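A.B. asks: Here you go, this is final32.cif (mmCIF, C-alpha atoms).
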```
data_run
loop_
_atom_site.label_atom_id
_atom_site.label_comp_id
_atom_site.auth_asym_id
_atom_site.auth_seq_id
_atom_site.Cartn_x
_atom_site.Cartn_y
_atom_site.Cartn_z
CA MET A 1 20.29 0.69 7.90
CA ILE A 2 17.27 0.53 10.17
CA VAL A 3 15.00 3.39 9.18
CA LYS A 4 13.04 3.07 12.35
CA ASN A 5 12.12 0.60 15.01
CA TYR A 6 8.65 1.85 15.72
CA LYS A 7 6.43 0.74 18.54
CA ILE A 8 2.79 0.28 17.69
CA LYS A 9 0.79 1.05 20.82
CA ASN A 10 -0.48 -2.08 22.59
CA SER A 11 1.09 -4.24 19.91
CA SER A 12 4.49 -5.36 18.60
CA SER A 13 7.32 -3.44 17.01
CA THR A 14 8.45 -3.62 13.41
CA ASP A 15 12.01 -3.18 12.18
CA ILE A 16 12.17 -1.61 8.71
CA TYR A 17 15.38 -1.93 6.74
CA ILE A 18 16.29 0.22 3.73
CA SER A 19 19.51 0.02 1.67
CA GLN A 20 19.89 -3.56 2.87
CA ASP A 21 20.28 -6.60 0.61
CA TYR A 22 17.09 -8.62 0.52
CA ASN A 23 18.88 -11.71 1.91
CA TYR A 24 19.29 -9.86 5.18
CA TYR A 25 16.07 -11.51 6.32
CA LEU A 26 18.12 -14.68 6.92
CA GLU A 27 19.83 -12.95 9.84
CA LEU A 28 16.49 -11.85 11.23
CA ILE A 29 14.83 -15.27 11.39
CA GLY A 30 17.62 -16.94 13.35
CA GLU A 31 17.15 -20.68 13.80
CA ARG A 32 13.41 -20.69 13.25
CA ASP A 33 11.68 -22.80 10.66
CA LEU A 34 11.01 -20.71 7.55
CA ILE A 35 8.31 -20.91 4.90
CA ILE A 36 8.26 -18.38 2.04
CA ILE A 37 5.14 -17.23 0.21
CA THR A 38 5.85 -15.70 -3.19
CA ASP A 39 4.38 -15.53 -6.68
CA ASN A 40 5.27 -17.42 -9.84
CA ILE A 41 6.96 -14.44 -11.52
CA LEU A 42 9.33 -13.71 -8.62
CA TYR A 43 10.01 -17.41 -8.17
CA ASN A 44 11.39 -17.51 -11.71
CA LEU A 45 13.13 -14.11 -11.52
CA TYR A 46 15.12 -14.88 -8.36
CA PRO A 47 15.72 -18.66 -8.28
CA GLU A 48 18.68 -18.33 -5.89
CA ALA A 49 16.44 -16.65 -3.31
CA PHE A 50 14.28 -19.75 -3.04
CA LYS A 51 16.87 -22.50 -3.48
CA ASN A 52 16.63 -25.15 -0.75
CA LYS A 53 13.78 -23.22 0.93
CA LYS A 54 10.24 -24.30 1.72
CA CYS A 55 8.18 -22.23 -0.72
CA ILE A 56 4.51 -21.71 -1.43
CA VAL A 57 4.13 -20.23 -4.90
CA ILE A 58 0.86 -18.60 -5.91
CA ASN A 59 -0.14 -17.00 -9.19
CA HIS A 60 0.76 -13.36 -9.74
CA GLY A 61 -2.04 -10.81 -9.88
CA GLU A 62 -4.61 -9.03 -7.73
CA GLU A 63 -7.32 -11.41 -8.93
CA ASN A 64 -5.64 -14.12 -6.84
CA LYS A 65 -5.93 -12.19 -3.56
CA THR A 66 -8.92 -14.23 -2.40
CA LEU A 67 -10.06 -16.55 0.36
CA LYS A 68 -9.67 -19.45 -2.07
CA THR A 69 -5.94 -18.67 -2.31
CA VAL A 70 -5.75 -18.39 1.48
CA GLU A 71 -7.17 -21.91 1.79
CA LYS A 72 -4.57 -23.27 -0.63
CA ILE A 73 -1.75 -21.57 1.28
CA ILE A 74 -2.95 -22.98 4.60
CA GLU A 75 -3.15 -26.46 3.07
CA ASN A 76 0.50 -26.06 2.02
CA LEU A 77 1.51 -24.79 5.47
CA ILE A 78 -0.01 -27.89 7.03
CA ALA A 79 1.75 -30.13 4.49
CA PHE A 80 5.08 -28.46 5.39
CA GLY A 81 4.43 -29.14 9.08
CA ALA A 82 4.24 -25.46 10.01
CA ASP A 83 3.32 -24.42 13.55
CA ARG A 84 3.12 -21.18 15.55
CA ASN A 85 6.92 -21.08 15.85
CA THR A 86 7.33 -21.04 12.06
CA LEU A 87 8.34 -17.72 10.50
CA ILE A 88 6.20 -17.04 7.42
CA LEU A 89 7.95 -14.72 4.97
CA GLY A 90 6.09 -12.80 2.28
CA PHE A 91 8.53 -12.26 -0.60
CA GLY A 92 6.77 -9.98 -3.06
CA GLY A 93 4.70 -6.91 -3.72
CA GLY A 94 1.52 -5.58 -2.18
CA MET A 95 -0.61 -8.61 -3.00
CA ILE A 96 1.87 -11.05 -1.46
CA CYS A 97 2.34 -8.87 1.63
CA ASP A 98 -1.42 -8.47 2.12
CA ILE A 99 -2.17 -12.16 1.80
CA THR A 100 0.87 -13.34 3.81
CA GLY A 101 0.01 -11.10 6.75
CA PHE A 102 -3.58 -12.28 6.69
CA VAL A 103 -2.62 -15.96 6.51
CA ALA A 104 -0.09 -15.58 9.35
CA GLY A 105 -2.71 -13.85 11.48
CA VAL A 106 -5.27 -16.64 11.17
CA PHE A 107 -3.03 -19.71 10.94
CA MET A 108 -3.20 -21.49 14.31
CA ARG A 109 -4.52 -18.18 15.71
CA GLY A 110 -1.34 -16.34 14.89
CA ALA A 111 2.14 -17.05 13.52
CA SER A 112 5.15 -14.74 13.18
CA PHE A 113 5.75 -13.15 9.81
CA GLY A 114 7.95 -10.69 7.97
CA PHE A 115 8.27 -9.22 4.49
CA VAL A 116 10.83 -8.78 1.76
CA ALA A 117 9.03 -6.07 -0.18
CA THR A 118 9.88 -6.29 -3.88
CA THR A 119 7.84 -3.45 -5.40
CA LEU A 120 7.88 0.28 -4.79
CA LEU A 121 4.22 0.11 -3.80
CA ALA A 122 4.98 -2.46 -1.12
CA GLN A 123 8.13 -0.73 0.12
CA VAL A 124 6.46 2.62 0.73
CA ASP A 125 2.97 1.47 1.69
CA ALA A 126 1.55 -2.06 1.52
CA ALA A 127 4.23 -3.73 3.66
CA ILE A 128 4.17 -0.99 6.31
CA GLY A 129 1.58 -0.61 9.04
CA GLY A 130 0.11 -4.06 9.56
CA LYS A 131 -2.97 -3.92 7.34
CA ASN A 132 -3.48 -7.33 5.76
CA GLY A 133 -6.33 -8.91 3.86
CA VAL A 134 -7.97 -10.22 0.74
CA ASN A 135 -10.55 -8.98 -1.71
CA PHE A 136 -14.13 -10.19 -1.73
CA LYS A 137 -15.92 -10.13 -5.09
CA ASN A 138 -15.63 -6.50 -6.28
CA PHE A 139 -14.70 -5.14 -2.86
CA LYS A 140 -11.03 -4.44 -2.24
CA ASN A 141 -9.54 -5.64 1.08
CA TYR A 142 -13.00 -6.33 2.47
CA ILE A 143 -11.77 -9.22 4.64
CA GLY A 144 -8.66 -8.59 6.70
CA SER A 145 -6.83 -7.79 9.89
CA ILE A 146 -4.36 -5.33 11.41
CA ILE A 147 -1.33 -7.25 12.67
CA GLN A 148 2.24 -5.91 12.53
CA PRO A 149 5.05 -7.87 10.83
CA GLU A 150 8.27 -8.47 12.75
CA PHE A 151 10.34 -6.87 10.03
CA VAL A 152 10.25 -5.42 6.53
CA VAL A 153 13.29 -5.48 4.22
CA CYS A 154 13.20 -2.92 1.40
CA ASP A 155 15.96 -3.54 -1.13
CA ALA A 156 15.76 -0.88 -3.85
CA ASN A 157 17.83 -3.10 -6.16
CA LEU A 158 14.81 -5.38 -6.51
CA LEU A 159 13.00 -2.56 -8.30
CA LYS A 160 15.31 -2.92 -11.30
CA THR A 161 13.37 -5.95 -12.48
CA LEU A 162 10.01 -4.31 -11.86
CA PRO A 163 7.92 -3.60 -14.99
CA LYS A 164 7.73 0.12 -15.70
CA LEU A 165 3.97 0.25 -15.15
CA ASP A 166 4.35 -1.32 -11.69
CA TYR A 167 7.09 1.16 -10.78
CA ILE A 168 4.89 4.06 -11.88
CA SER A 169 2.08 2.58 -9.80
CA GLY A 170 4.31 2.76 -6.73
CA LEU A 171 4.96 6.42 -7.45
CA GLY A 172 1.20 7.01 -7.08
CA GLU A 173 1.49 6.17 -3.38
CA VAL A 174 4.67 8.25 -3.07
CA ILE A 175 2.77 11.22 -4.49
CA LYS A 176 0.00 10.64 -1.93
CA TYR A 177 2.53 11.01 0.90
CA ALA A 178 3.73 14.29 -0.57
CA PHE A 179 0.19 15.68 -0.64
CA ILE A 180 -0.62 14.74 2.95
CA SER A 181 2.77 15.44 4.58
CA ASP A 182 4.53 18.69 3.77
CA LEU A 183 5.34 21.13 0.99
CA SER A 184 9.08 20.38 1.04
CA PHE A 185 8.56 16.73 0.06
CA PHE A 186 6.08 17.81 -2.61
CA GLU A 187 8.68 20.18 -4.04
CA TYR A 188 11.38 17.49 -3.82
CA LEU A 189 9.34 15.19 -6.07
CA ASP A 190 8.65 18.04 -8.47
CA GLU A 191 12.32 19.04 -8.72
CA ASN A 192 13.68 15.49 -9.06
CA SER A 193 11.04 13.92 -11.28
CA ASN A 194 13.48 12.80 -14.01
CA GLU A 195 15.90 11.23 -11.52
CA ILE A 196 13.00 9.47 -9.81
CA LEU A 197 11.72 8.06 -13.09
CA ASN A 198 15.26 6.86 -13.87
CA GLN A 199 15.56 5.24 -10.42
CA ASN A 200 18.54 7.23 -9.17
CA PRO A 201 19.53 5.07 -6.17
CA ASP A 202 20.34 7.90 -3.74
CA ILE A 203 17.11 9.76 -4.49
CA LEU A 204 15.10 6.55 -4.42
CA ASN A 205 16.45 5.56 -1.00
CA TYR A 206 15.65 9.04 0.32
CA ILE A 207 12.08 8.69 -0.93
CA LEU A 208 11.72 5.23 0.63
CA LYS A 209 12.99 6.52 3.97
CA LYS A 210 10.75 9.59 3.85
CA CYS A 211 7.58 7.64 3.00
CA VAL A 212 8.23 4.97 5.62
CA GLU A 213 8.83 7.59 8.30
CA ILE A 214 5.62 9.43 7.39
CA LYS A 215 3.55 6.27 7.55
CA ALA A 216 5.23 4.90 10.68
CA LYS A 217 4.53 8.12 12.57
CA ILE A 218 0.85 8.01 11.60
CA VAL A 219 0.51 4.31 12.45
CA GLU A 220 2.12 4.90 15.87
CA GLU A 221 -0.62 7.38 16.66
CA ASP A 222 -3.51 5.31 15.30
CA SER A 223 -2.60 1.67 14.74
CA ASN A 224 -6.21 0.46 14.43
CA ASP A 225 -7.37 3.06 11.90
CA PHE A 226 -9.96 4.89 13.98
CA GLY A 227 -8.68 8.45 13.56
CA LEU A 228 -5.51 10.02 12.16
CA ARG A 229 -4.68 7.00 10.02
CA HIS A 230 -7.65 7.87 7.82
CA ILE A 231 -5.47 10.48 6.10
CA LEU A 232 -3.61 7.58 4.45
CA ASN A 233 -6.86 6.91 2.59
CA PHE A 234 -6.46 10.15 0.64
CA GLY A 235 -6.97 9.33 -3.04
CA HIS A 236 -8.20 5.83 -2.19
CA THR A 237 -11.93 6.34 -1.69
CA ILE A 238 -12.37 7.29 -5.33
CA GLY A 239 -9.20 5.48 -6.38
CA HIS A 240 -10.44 2.03 -5.37
CA SER A 241 -13.51 2.34 -7.57
CA ILE A 242 -11.32 3.54 -10.46
CA GLU A 243 -8.93 0.62 -9.94
CA ILE A 244 -11.72 -1.94 -10.12
CA MET A 245 -13.77 -0.38 -12.92
CA GLU A 246 -10.82 0.56 -15.14
CA ASN A 247 -8.73 -2.52 -14.24
CA ILE A 248 -5.55 -0.48 -13.76
CA PRO A 249 -2.68 -0.75 -11.23
CA HIS A 250 -3.47 0.40 -7.70
CA GLY A 251 -1.09 3.36 -7.45
CA ILE A 252 -2.12 4.79 -10.81
CA ALA A 253 -5.75 4.58 -9.69
CA VAL A 254 -4.79 6.35 -6.45
CA ALA A 255 -3.15 9.18 -8.43
CA LYS A 256 -6.34 9.57 -10.47
CA GLY A 257 -8.31 9.41 -7.22
CA ILE A 258 -6.20 12.20 -5.75
CA ILE A 259 -7.22 14.54 -8.56
CA GLU A 260 -10.89 13.62 -8.18
CA GLU A 261 -10.82 14.02 -4.40
CA ILE A 262 -9.17 17.42 -4.70
CA LYS A 263 -11.97 18.41 -7.08
CA ILE A 264 -14.47 17.30 -4.41
CA SER A 265 -12.53 19.33 -1.83
CA VAL A 266 -12.88 22.39 -4.07
CA LYS A 267 -16.57 21.83 -4.81
CA LEU A 268 -17.40 21.44 -1.11
CA GLU A 269 -15.36 24.58 -0.38
CA TYR A 270 -12.52 23.03 1.59
CA ALA A 271 -9.87 24.14 -0.92
CA ASP A 272 -9.16 26.80 -3.52
CA LYS A 273 -9.56 25.70 -7.13
CA SER A 274 -5.89 26.56 -7.81
CA LEU A 275 -5.01 23.37 -5.94
CA ILE A 276 -6.35 21.30 -8.84
CA GLU A 277 -3.84 22.80 -11.27
CA ILE A 278 -0.99 22.40 -8.78
CA ALA A 279 -1.85 18.73 -8.31
CA GLU A 280 -2.23 18.04 -12.02
CA LYS A 281 1.15 19.66 -12.74
CA LEU A 282 2.98 17.28 -10.38
CA ILE A 283 1.05 14.11 -11.16
CA SER A 284 1.37 14.61 -14.94
CA LYS A 285 5.17 14.42 -14.59
CA PHE A 286 4.88 10.81 -13.44
CA ILE A 287 1.50 9.69 -14.78
CA PRO A 288 0.62 11.52 -18.02
CA ASP A 289 -2.74 9.73 -18.32
CA TYR A 290 -4.07 10.99 -14.97
CA LYS A 291 -7.55 12.06 -16.04
CA CYS A 292 -10.63 9.96 -15.37
CA GLU A 293 -14.34 10.35 -16.00
CA ILE A 294 -16.28 9.22 -12.94
CA ARG A 295 -19.33 7.31 -14.14
CA GLN A 296 -22.36 5.84 -12.40
CA GLU A 297 -20.57 2.48 -12.14
CA HIS A 298 -17.88 4.11 -10.01
CA ILE A 299 -20.50 5.68 -7.78
CA ASP A 300 -22.29 2.35 -7.36
CA LEU A 301 -19.07 0.90 -5.94
CA LEU A 302 -18.50 3.94 -3.72
CA VAL A 303 -21.87 3.40 -2.06
CA LYS A 304 -20.57 0.07 -0.75
CA ASP A 305 -17.28 1.50 0.57
CA LYS A 306 -16.24 -0.46 3.68
CA LYS A 307 -15.22 2.76 5.44
CA LYS A 308 -18.81 4.02 5.47
CA SER A 309 -20.85 4.18 8.66
CA GLY A 310 -24.51 4.38 7.69
CA ASN A 311 -24.78 7.34 5.33
CA MET A 312 -21.63 8.97 6.70
CA LEU A 313 -18.01 8.63 5.63
CA ASN A 314 -14.81 9.99 7.16
CA PHE A 315 -13.71 11.64 3.95
CA VAL A 316 -10.20 13.08 3.54
CA PHE A 317 -10.35 16.57 2.07
CA LEU A 318 -7.17 18.36 1.06
CA THR A 319 -7.23 22.02 2.08
CA ASN A 320 -3.68 22.61 0.81
CA ILE A 321 -0.43 20.73 0.26
CA GLY A 322 0.41 19.01 3.55
CA GLN A 323 -2.95 19.91 5.06
CA PRO A 324 -5.37 16.97 4.89
CA LEU A 325 -8.62 17.27 6.82
CA ILE A 326 -10.77 14.35 7.95
CA VAL A 327 -14.45 15.30 7.97
CA LYS A 328 -17.42 13.08 8.74
CA THR A 329 -19.42 13.77 5.58
CA ASP A 330 -22.81 12.73 4.29
CA PHE A 331 -22.17 10.37 1.40
CA GLN A 332 -24.84 12.08 -0.68
CA ASP A 333 -22.83 15.32 -0.49
CA ILE A 334 -19.84 13.55 -1.97
CA ILE A 335 -21.94 12.07 -4.76
CA LYS A 336 -23.46 15.48 -5.54
CA ALA A 337 -19.98 16.98 -5.74
CA ILE A 338 -18.85 14.25 -8.13
CA LYS A 339 -21.83 14.79 -10.41
CA SER A 340 -21.75 18.59 -10.37
#
```
What would you get if you wrote out this structure as structure tokens?

C.D. replies:
Amino acid sequence: MIVKNYKIKNSSSTDIYISQDYNYYLELIGERDLIIITDNILYNLYPEAFKNKKCIVINHGEENKTLKTVEKIIENLIAFGADRNTLILGFGGGMICDITGFVAGVFMRGASFGFVATTLLAQVDAAIGGKNGVNFKNFKNYIGSIIQPEFVVCDANLLKTLPKLDYISGLGEVIKYAFISDLSFFEYLDENSNEILNQNPDILNYILKKCVEIKAKIVEEDSNDFGLRHILNFGHTIGHSIEIMENIPHGIAVAKGIIEEIKISVKLEYADKSLIEIAEKLISKFIPDYKCEIRQEHIDLLVKDKKKSGNMLNFVFLTNIGQPLIVKTDFQDIIKAIKS
């Protein structure tokens, strides 16, 4: 099932497939030369997927999403005889998708690429929308590009081998979509929390479809992240600093960031304080340990946020469920709200 073939303005289109076996990518590449980028864990989990294929295997983990890894991948591409007609396939989670898209964008000034997204985080977020990149020192995704993949295959069956913590991390991004989209999706997550945690296939495929459609619509309107697309950063401004300082999975950090950013919304009088309790009630169903104490170390990282322009930041306030508001805000006001 194609969820949507969405046209990114002044760019290429991306076909997104849900409820499709992951091997469906073989039909999408046709007769082109194929090189797969994956990590060592997936390479051992799914040996049949890589049998008789040209593969570049990198170490699992966010700490490997660096320019050094990019160099090693490009060296391997050259050794395999890759050229601009080669299809580069990222087979993995968010880290693999991010680094594959970036490599494809810079290799010989641009090669075609697609994804088989293997984690919930990748299927609902990282693989969708064309943002690619690597980390630089303590700064997440500081070096990157916005280039759309040809296709994304989201096979929910791959989530069965996902560690529980990684699955929960993906739910952090799902929760974000519920907060920024509409009350009905928020209520759907609340009412079906047990089935979601138990990976009910019908409910899971509905969630995948819903999240992809939400993001695709936003990306269509603002592919280069200069306006509306900023709402996808909800929970991330604070969440990124939590992720780095606490060394926890991305989506769990985002969920914690959502709570903190709602508190900032309340303190700066963009939302009623009752919204904090509503948010905590939902998030606690999926992530019991959602609380976080924001320390000076977090603030020090926030000051260097790549989304800043001078002393100003397009901060995403939440005025109510489904009602995000992008406001150009003095960074000092945000810091004061955090400390108050």

A.B. asks: Can you work out the spacing between CA of Val152 (chain A) and CA of Lys256 (chain A) in Å, to one decimal?

C.D. replies: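 Answer for the CA of Val152 (chain A) to CA of Lys256 (chain A) separation: 28.1 Å.
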
A.B. asks: For the structure provided, state which residues fall under the PyMOL selection byres ((chain A and resi 89) around 6), and present them as a list in words.

C.D. replies: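 Selected by the PyMOL selection byres ((chain A and resi 89) around 6) in this file: Ile36, Ile88, Gly90, Phe113, Gly114 and Phe115 of chain A.
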
A.B. asks: Take CA of Leu28 (chain A) and CA of Leu159 (chain A) and report the distance between them in Å, one decimal.

C.D. replies: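 Taking CA of Leu28 (chain A) as the start and CA of Leu159 (chain A) as the end point, the length is 21.9 Å.
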
A.B. asks: Using the chain letters and residue numbers of this document, give as a PyMOL selection string the residues selected by the PyMOL selection byres ((chain A and resi 112) around 12).

C.D. replies: chain A and resi 12+14+28-29+32-35+82-90+100-111+113-115+147-151

A.B. asks: Step by step, work through what the PyMOL selection byres ((chain A and resi 181) around 8) selects in the shown file, and finish by giving those residues as a PyMOL selection string.

C.D. replies: chain A and resi 177-180+182-183+185+214+321-323

A.B. asks: If I take CA of Gln332 (chain A) and CA of Ser274 (chain A), how far is one from the other in Å, to one decimal?

C.D. replies: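 Computing it gives 24.9 Å between the two atoms.
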